[in-house]
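**Student:** The structure's right below; bear with me while I get my questions together.
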Amino acid sequence: MQQARFRLRAFRKASLIAVALTSLLLLVVGPAEEALAQDAGVTATEDTPPAEPQRQVQPEEVAREAGAEAQRTALGLRQGLLNALPKLTVVLGTLLLTWLVARGLRALLHLALGRWARADASTALVSICVWLLGTGIAVSVLAGDLRAMLGSVGLVGLALSWALQTPIESFTGWLLNSFQGYYRVGDRVQVGDVFGDVYAIDFLSTTVWELGSPDRPGAVHAEQPTGRLITFPNNEVLTGTIVNLTRDFPYVWDELLVPVANESDLRYAMELLRQLATELLGEDMAGPARQYETLLREARLETSVADRPEVYVSLADAWTNVTIRYLVHARQRRKWKSLLAERVMVELCQPVHAGRIIPVLPRQQVQFLGVDGRPTDVPGSRRE
């Protein structure tokens with residue numbers, strides 16, 4: 001079903017392109033208006049011959065008339081091309097001049113703008129405007145009539161908009177990203193299902209080095225490079241969700257969950273884990289926390305940003321989760337999480353914490369029932 005829809009869509013696009021090109025060809029090689037008027041005048045002034053009695057037409061006469069008609073059509077096309085040669089020469093000269101002007105302006109803009117972030121997008125827009133102007137002049141020379149020119153350009157534009165819908169959307173997404181700056185080369189982004197570091201951005205597509213994630217089976221299960229390059233069209237900027245982890249603020253909040261038994265000394269466990277996290281991450285976290293608070297204040301958002309790791313608790317099915325929340329660089333999440341987990345596990349195994357912090361172990365509860373079906377503490381019951 002999808003293949004049939006794809007073929008039908010391709011047939012539509014091909015039909016529109018054929019109609020547009022046919023109209024443009026007729027516009028170029030069609031007979032001149034003077035010739036059409038002369039033929040119409042001759043036809044109008046000629047006397048209508050008297051009706052002749054009907055006679056049977058021989059096949060040889062039909063063949064001769066068909067051959068003469070084909071010859072006249074070929075001669076008409078040849079004459080149309082000869083008449084259009086001066087126009088075609090002017091059109092080719094106009095397009096060549098347009099190419100030279102666009103190339104020169106592009107070089108000048110690169111020198112003037114230098115390494116400005118939006119230099120490529122600005123240069124592309126100027127080149128597009130120059131080419132639109134040059135193409136409009138060339139089509140007006142070919143058409144000779146503004147109405148014919150508008151009709152031809154409209155048909156060609158409609159055909160191209162159908163045939164090149166995805167490339168046009170991708171180019172528009174590239175322009176939008178160039179001016180808005182959703183992501184740059186080197187940023188760590190997630191666009192749709194793609195997650196990685198931006199490697200290259202061109203007019204139609206973006207290439208990233210893929211990063212692993214727990215949500216992607218078969219890949220690396222952490223935010224580390226998998227070694228694969230992924231290319232996606234730039235129209236994802238228009239239709240998808242963009243998550244940039246390193247554009248304005250390259251630090252993110254991360255968490256480490258430590259489950260403990262319900263019989264543990266919860267306050268003692270929270271204080272111990274807070275101390276361990278502060279010793280490991282406190283100094284490196286203070287500066288980014290102040291920067292984060294400044295950004296939030298400028299955006300008129302909540303400014304209460306902790307400059308030390310925080311500890312929270314939550315209830316699970318048969319234990320308690322103690323969560324350590326801290327701020328780290330987006331590219332070093334796995335490194336610091338691994339170091340913190342190692343330090344926590346080593347510390348919890350120390351004998352000084354025995355009996356106060358009880359680890360979570362698999363538990364199984366067995367309930368014995370008596371012969372009357374009621375719970376009993378004595379194993380064993382009679383079978384009847």
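Quick note on naming: the chains in the structure tokens go A, B, ... in the order shown, residues restart at 1 in each chain, and ligands are numbered from 1 in order of appearance.
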Determine which residues of region 274-338 of chain A receive a DSSP assignment of alpha helix (DSSP H), computed from the backbone, and state them as a PyMOL selection string.

**Tutor:** chain A and resi 274-298+333-338

**Student:** Please report the interatomic distance between CA of Leu340 (chain A) and CA of Leu315 (chain A) in Å with one decimal.

**Tutor:**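 Between these atoms lies a distance of 22.0 Å.
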
**Student:** If you count only C-alpha atoms, which residues fall within 12 Å of Ala219 (chain A), apart from same-chain ones fewer than 6 positions away, as JSON, numbers by chain?

**Tutor:** {"A": [195, 210, 211, 212, 213, 225, 226, 227, 228]}

**Student:** Output all heavy atoms for every residue in that selection, as a compact mmCIF listing (two decimals), in the first residue's frame.

**Tutor:**
# COMPACT_ATOMS: atom_id res chain seq x y z
N PHE A 195 21.01 11.06 18.80
CA PHE A 195 21.68 11.63 19.96
C PHE A 195 23.18 11.53 19.73
O PHE A 195 23.71 10.44 19.51
CB PHE A 195 21.27 10.88 21.22
CG PHE A 195 21.94 11.41 22.48
CD1 PHE A 195 21.94 12.76 22.76
CD2 PHE A 195 22.56 10.54 23.36
CE1 PHE A 195 22.54 13.25 23.90
CE2 PHE A 195 23.16 11.02 24.51
CZ PHE A 195 23.15 12.38 24.78
N GLU A 210 27.43 9.46 16.95
CA GLU A 210 26.39 8.89 17.81
C GLU A 210 26.92 8.64 19.21
O GLU A 210 28.07 8.23 19.40
CB GLU A 210 25.85 7.60 17.22
CG GLU A 210 24.69 7.02 18.00
CD GLU A 210 24.37 5.60 17.59
OE1 GLU A 210 25.30 4.86 17.21
OE2 GLU A 210 23.20 5.23 17.66
N LEU A 211 26.06 8.88 20.20
CA LEU A 211 26.35 8.56 21.59
C LEU A 211 25.39 7.47 22.07
O LEU A 211 24.25 7.39 21.60
CB LEU A 211 26.20 9.78 22.48
CG LEU A 211 27.19 10.92 22.25
CD1 LEU A 211 26.83 12.10 23.14
CD2 LEU A 211 28.61 10.47 22.52
N GLY A 212 25.84 6.66 22.98
CA GLY A 212 25.00 5.60 23.51
C GLY A 212 23.98 6.14 24.50
O GLY A 212 24.07 7.26 24.99
N SER A 213 23.00 5.30 24.80
CA SER A 213 21.94 5.68 25.73
C SER A 213 21.25 4.41 26.22
O SER A 213 21.15 3.43 25.48
CB SER A 213 20.93 6.60 25.05
OG SER A 213 19.82 6.83 25.89
N PRO A 225 30.68 7.78 23.06
CA PRO A 225 30.60 7.57 21.61
C PRO A 225 30.53 6.09 21.25
O PRO A 225 31.21 5.25 21.85
CB PRO A 225 31.89 8.21 21.08
CG PRO A 225 32.29 9.19 22.15
CD PRO A 225 31.86 8.57 23.45
N THR A 226 29.69 5.79 20.27
CA THR A 226 29.60 4.43 19.74
C THR A 226 30.50 4.22 18.52
O THR A 226 30.66 3.09 18.07
CB THR A 226 28.16 4.12 19.33
OG1 THR A 226 27.77 4.99 18.26
CG2 THR A 226 27.21 4.31 20.50
N GLY A 227 31.05 5.32 17.96
CA GLY A 227 31.89 5.21 16.78
C GLY A 227 31.14 5.28 15.47
O GLY A 227 31.76 5.18 14.41
N ARG A 228 29.85 5.48 15.53
CA ARG A 228 29.05 5.53 14.30
C ARG A 228 28.65 6.97 13.98
O ARG A 228 28.38 7.77 14.87
CB ARG A 228 27.79 4.68 14.44
CG ARG A 228 28.09 3.21 14.65
CD ARG A 228 26.83 2.38 14.69
NE ARG A 228 25.98 2.71 15.82
CZ ARG A 228 24.92 1.98 16.19
NH1 ARG A 228 24.61 0.90 15.51
NH2 ARG A 228 24.19 2.34 17.23

**Student:** A:Val194, A:Trp253, A:Pro259, A:Arg300: which is nearest Asn321 (chain A), counting only C-alpha atoms?

**Tutor:**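 The answer is A:Pro259, which sits nearest to Asn321 (chain A).
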
**Student:** Leaving out region 263-275 of chain A and any residue of its chain fewer than 5 positions from it, which residues lie within 8 Å of it when counting only C-alpha atoms, given as number ranges by chain?

**Tutor:** A: 309-312, 322, 324, 344, 355-358

**Student:** Can you spit out the residues from that selection as a PDB file, in the first residue's frame, using N, CA, C and O atoms?

**Tutor:**
ATOM      1  N   PRO A 309      26.093  19.208  46.442  1.00  0.00           N
ATOM      2  CA  PRO A 309      25.190  18.083  46.159  1.00  0.00           C
ATOM      3  C   PRO A 309      24.083  17.981  47.195  1.00  0.00           C
ATOM      4  O   PRO A 309      24.281  18.274  48.381  1.00  0.00           O
ATOM      5  N   GLU A 310      22.915  17.581  46.741  1.00  0.00           N
ATOM      6  CA  GLU A 310      21.755  17.436  47.610  1.00  0.00           C
ATOM      7  C   GLU A 310      21.326  15.979  47.637  1.00  0.00           C
ATOM      8  O   GLU A 310      21.553  15.224  46.690  1.00  0.00           O
ATOM      9  N   VAL A 311      20.665  15.585  48.735  1.00  0.00           N
ATOM     10  CA  VAL A 311      20.227  14.207  48.934  1.00  0.00           C
ATOM     11  C   VAL A 311      18.722  14.203  49.194  1.00  0.00           C
ATOM     12  O   VAL A 311      18.226  14.994  50.012  1.00  0.00           O
ATOM     13  N   TYR A 312      18.029  13.311  48.509  1.00  0.00           N
ATOM     14  CA  TYR A 312      16.578  13.173  48.658  1.00  0.00           C
ATOM     15  C   TYR A 312      16.248  11.699  48.885  1.00  0.00           C
ATOM     16  O   TYR A 312      17.046  10.804  48.566  1.00  0.00           O
ATOM     17  N   VAL A 322      17.635   6.449  48.344  1.00  0.00           N
ATOM     18  CA  VAL A 322      18.335   7.684  48.691  1.00  0.00           C
ATOM     19  C   VAL A 322      19.015   8.186  47.413  1.00  0.00           C
ATOM     20  O   VAL A 322      19.881   7.508  46.862  1.00  0.00           O
ATOM     21  N   ILE A 324      21.196  10.999  45.286  1.00  0.00           N
ATOM     22  CA  ILE A 324      22.171  12.083  45.338  1.00  0.00           C
ATOM     23  C   ILE A 324      22.045  12.878  44.036  1.00  0.00           C
ATOM     24  O   ILE A 324      22.187  12.320  42.941  1.00  0.00           O
ATOM     25  N   VAL A 344      30.811   5.476  47.117  1.00  0.00           N
ATOM     26  CA  VAL A 344      29.679   5.134  47.983  1.00  0.00           C
ATOM     27  C   VAL A 344      29.711   3.657  48.351  1.00  0.00           C
ATOM     28  O   VAL A 344      29.531   3.282  49.526  1.00  0.00           O
ATOM     29  N   GLY A 355      24.927  -2.334  60.668  1.00  0.00           N
ATOM     30  CA  GLY A 355      23.767  -2.223  61.534  1.00  0.00           C
ATOM     31  C   GLY A 355      23.039  -0.897  61.414  1.00  0.00           C
ATOM     32  O   GLY A 355      21.890  -0.785  61.853  1.00  0.00           O
ATOM     33  N   ARG A 356      23.684   0.124  60.851  1.00  0.00           N
ATOM     34  CA  ARG A 356      23.032   1.421  60.703  1.00  0.00           C
ATOM     35  C   ARG A 356      22.566   1.660  59.262  1.00  0.00           C
ATOM     36  O   ARG A 356      21.535   2.288  59.043  1.00  0.00           O
ATOM     37  N   ILE A 357      23.365   1.199  58.319  1.00  0.00           N
ATOM     38  CA  ILE A 357      22.976   1.268  56.899  1.00  0.00           C
ATOM     39  C   ILE A 357      22.940  -0.164  56.387  1.00  0.00           C
ATOM     40  O   ILE A 357      23.981  -0.811  56.212  1.00  0.00           O
ATOM     41  N   ILE A 358      21.742  -0.669  56.176  1.00  0.00           N
ATOM     42  CA  ILE A 358      21.551  -2.067  55.774  1.00  0.00           C
ATOM     43  C   ILE A 358      21.288  -2.097  54.272  1.00  0.00           C
ATOM     44  O   ILE A 358      20.383  -1.412  53.784  1.00  0.00           O
TER      45      ILE A 358
END

**Student:** Hey, what's within 12 Å of Trp99 (chain A) if we count only C-alpha atoms and toss same-chain stuff fewer than 3 positions away? As a list in words, please?

**Tutor:**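 Everything that qualifies: Leu92, Gly93, Thr94, Leu95, Leu96, Ala102, Arg103, Gly104, Leu105, Arg106, Ser127, Ile128, Cys129, Val130, Trp131, Leu132, Leu133, Gly134 and Thr135 of chain A.
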
**Student:** Check region 136-324 of chain A with DSSP on the backbone and list each residue it calls strand (DSSP E or B), as an NGL selection string.

**Tutor:** :A and (188-191 or 194-201 or 205-211 or 225-233 or 242-244 or 251-260 or 310-315 or 320-324)

**Student:** So how far away is CA of Gly173 (chain A) from CA of Gly240 (chain A), in Å?

**Tutor:**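 One can read the CA of Gly240 (chain A) to CA of Gly173 (chain A) distance as 10.9 Å.
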
**Student:** What does the distance from CA of Thr278 (chain A) to CA of Arg247 (chain A) come to in Å, to one decimal?

**Tutor:**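 Going from CA of Thr278 (chain A) over to CA of Arg247 (chain A) covers 26.8 Å.
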
**Student:** Counting only C-alpha atoms, which residue out of A:Glu169, A:Asp307, A:Glu293, A:Glu302 sits closest to Asn235 (chain A)?

**Tutor:**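 Checking each candidate against Asn235 (chain A), we get A:Glu169 as the closest.
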
**Student:** From the list A:Ala107, A:Leu97, A:Leu280, A:Ile168, which residue is nearest Arg343 (chain A) when using only C-alpha atoms?

**Tutor:** A:Leu280

**Student:** Hey, what's within 7 Å of region 285-288 of chain A if we count only C-alpha atoms and toss same-chain stuff fewer than 3 positions away? As JSON, numbers by chain, please?

**Tutor:** {"A": [281, 282, 291, 292, 307, 308, 327, 328]}

**Student:** For the residues in the current selection, export all heavy atoms as a PDB file, in the first residue's frame.

**Tutor:**
ATOM      1  N   LEU A 281      32.532  16.218  44.686  1.00  0.00           N
ATOM      2  CA  LEU A 281      32.017  17.119  43.650  1.00  0.00           C
ATOM      3  C   LEU A 281      31.793  18.550  44.110  1.00  0.00           C
ATOM      4  O   LEU A 281      31.451  19.405  43.272  1.00  0.00           O
ATOM      5  CB  LEU A 281      30.676  16.571  43.111  1.00  0.00           C
ATOM      6  CG  LEU A 281      30.715  15.188  42.478  1.00  0.00           C
ATOM      7  CD1 LEU A 281      29.312  14.648  42.315  1.00  0.00           C
ATOM      8  CD2 LEU A 281      31.423  15.242  41.147  1.00  0.00           C
ATOM      9  N   GLY A 282      31.937  18.831  45.401  1.00  0.00           N
ATOM     10  CA  GLY A 282      31.568  20.148  45.917  1.00  0.00           C
ATOM     11  C   GLY A 282      32.328  21.289  45.285  1.00  0.00           C
ATOM     12  O   GLY A 282      31.745  22.286  44.845  1.00  0.00           O
ATOM     13  N   GLN A 291      27.063  30.193  37.865  1.00  0.00           N
ATOM     14  CA  GLN A 291      26.779  30.555  36.472  1.00  0.00           C
ATOM     15  C   GLN A 291      25.347  30.198  36.099  1.00  0.00           C
ATOM     16  O   GLN A 291      24.656  30.972  35.422  1.00  0.00           O
ATOM     17  CB  GLN A 291      27.771  29.830  35.550  1.00  0.00           C
ATOM     18  CG  GLN A 291      27.602  30.167  34.079  1.00  0.00           C
ATOM     19  CD  GLN A 291      28.575  29.392  33.208  1.00  0.00           C
ATOM     20  OE1 GLN A 291      29.436  28.657  33.700  1.00  0.00           O
ATOM     21  NE2 GLN A 291      28.427  29.549  31.900  1.00  0.00           N
ATOM     22  N   TYR A 292      24.899  29.050  36.555  1.00  0.00           N
ATOM     23  CA  TYR A 292      23.527  28.623  36.283  1.00  0.00           C
ATOM     24  C   TYR A 292      22.518  29.574  36.934  1.00  0.00           C
ATOM     25  O   TYR A 292      21.506  29.953  36.344  1.00  0.00           O
ATOM     26  CB  TYR A 292      23.349  27.197  36.802  1.00  0.00           C
ATOM     27  CG  TYR A 292      22.068  26.521  36.403  1.00  0.00           C
ATOM     28  CD1 TYR A 292      21.336  26.942  35.300  1.00  0.00           C
ATOM     29  CD2 TYR A 292      21.577  25.443  37.135  1.00  0.00           C
ATOM     30  CE1 TYR A 292      20.166  26.311  34.925  1.00  0.00           C
ATOM     31  CE2 TYR A 292      20.407  24.809  36.772  1.00  0.00           C
ATOM     32  CZ  TYR A 292      19.709  25.240  35.677  1.00  0.00           C
ATOM     33  OH  TYR A 292      18.545  24.628  35.311  1.00  0.00           O
ATOM     34  N   ASP A 307      24.637  24.960  45.460  1.00  0.00           N
ATOM     35  CA  ASP A 307      26.042  24.915  45.070  1.00  0.00           C
ATOM     36  C   ASP A 307      26.758  23.722  45.682  1.00  0.00           C
ATOM     37  O   ASP A 307      27.982  23.621  45.598  1.00  0.00           O
ATOM     38  CB  ASP A 307      26.754  26.207  45.482  1.00  0.00           C
ATOM     39  CG  ASP A 307      26.640  26.463  46.987  1.00  0.00           C
ATOM     40  OD1 ASP A 307      25.924  25.702  47.664  1.00  0.00           O
ATOM     41  OD2 ASP A 307      27.253  27.430  47.474  1.00  0.00           O
ATOM     42  N   ARG A 308      26.016  22.823  46.304  1.00  0.00           N
ATOM     43  CA  ARG A 308      26.555  21.575  46.841  1.00  0.00           C
ATOM     44  C   ARG A 308      25.611  20.441  46.488  1.00  0.00           C
ATOM     45  O   ARG A 308      24.410  20.663  46.258  1.00  0.00           O
ATOM     46  CB  ARG A 308      26.701  21.664  48.379  1.00  0.00           C
ATOM     47  CG  ARG A 308      27.788  22.621  48.848  1.00  0.00           C
ATOM     48  CD  ARG A 308      29.167  22.055  48.510  1.00  0.00           C
ATOM     49  NE  ARG A 308      30.218  22.889  49.068  1.00  0.00           N
ATOM     50  CZ  ARG A 308      30.765  23.917  48.446  1.00  0.00           C
ATOM     51  NH1 ARG A 308      30.319  24.266  47.236  1.00  0.00           N
ATOM     52  NH2 ARG A 308      31.743  24.602  49.009  1.00  0.00           N
ATOM     53  N   LEU A 327      25.546  18.544  40.034  1.00  0.00           N
ATOM     54  CA  LEU A 327      25.711  19.238  38.757  1.00  0.00           C
ATOM     55  C   LEU A 327      27.079  18.901  38.186  1.00  0.00           C
ATOM     56  O   LEU A 327      28.109  19.106  38.844  1.00  0.00           O
ATOM     57  CB  LEU A 327      25.583  20.754  38.970  1.00  0.00           C
ATOM     58  CG  LEU A 327      25.466  21.634  37.731  1.00  0.00           C
ATOM     59  CD1 LEU A 327      24.174  21.348  36.984  1.00  0.00           C
ATOM     60  CD2 LEU A 327      25.518  23.112  38.125  1.00  0.00           C
ATOM     61  N   VAL A 328      27.090  18.382  36.940  1.00  0.00           N
ATOM     62  CA  VAL A 328      28.350  18.001  36.297  1.00  0.00           C
ATOM     63  C   VAL A 328      28.319  18.443  34.839  1.00  0.00           C
ATOM     64  O   VAL A 328      27.266  18.777  34.282  1.00  0.00           O
ATOM     65  CB  VAL A 328      28.576  16.473  36.363  1.00  0.00           C
ATOM     66  CG1 VAL A 328      28.821  16.018  37.779  1.00  0.00           C
ATOM     67  CG2 VAL A 328      27.409  15.728  35.737  1.00  0.00           C
TER      68      VAL A 328
END
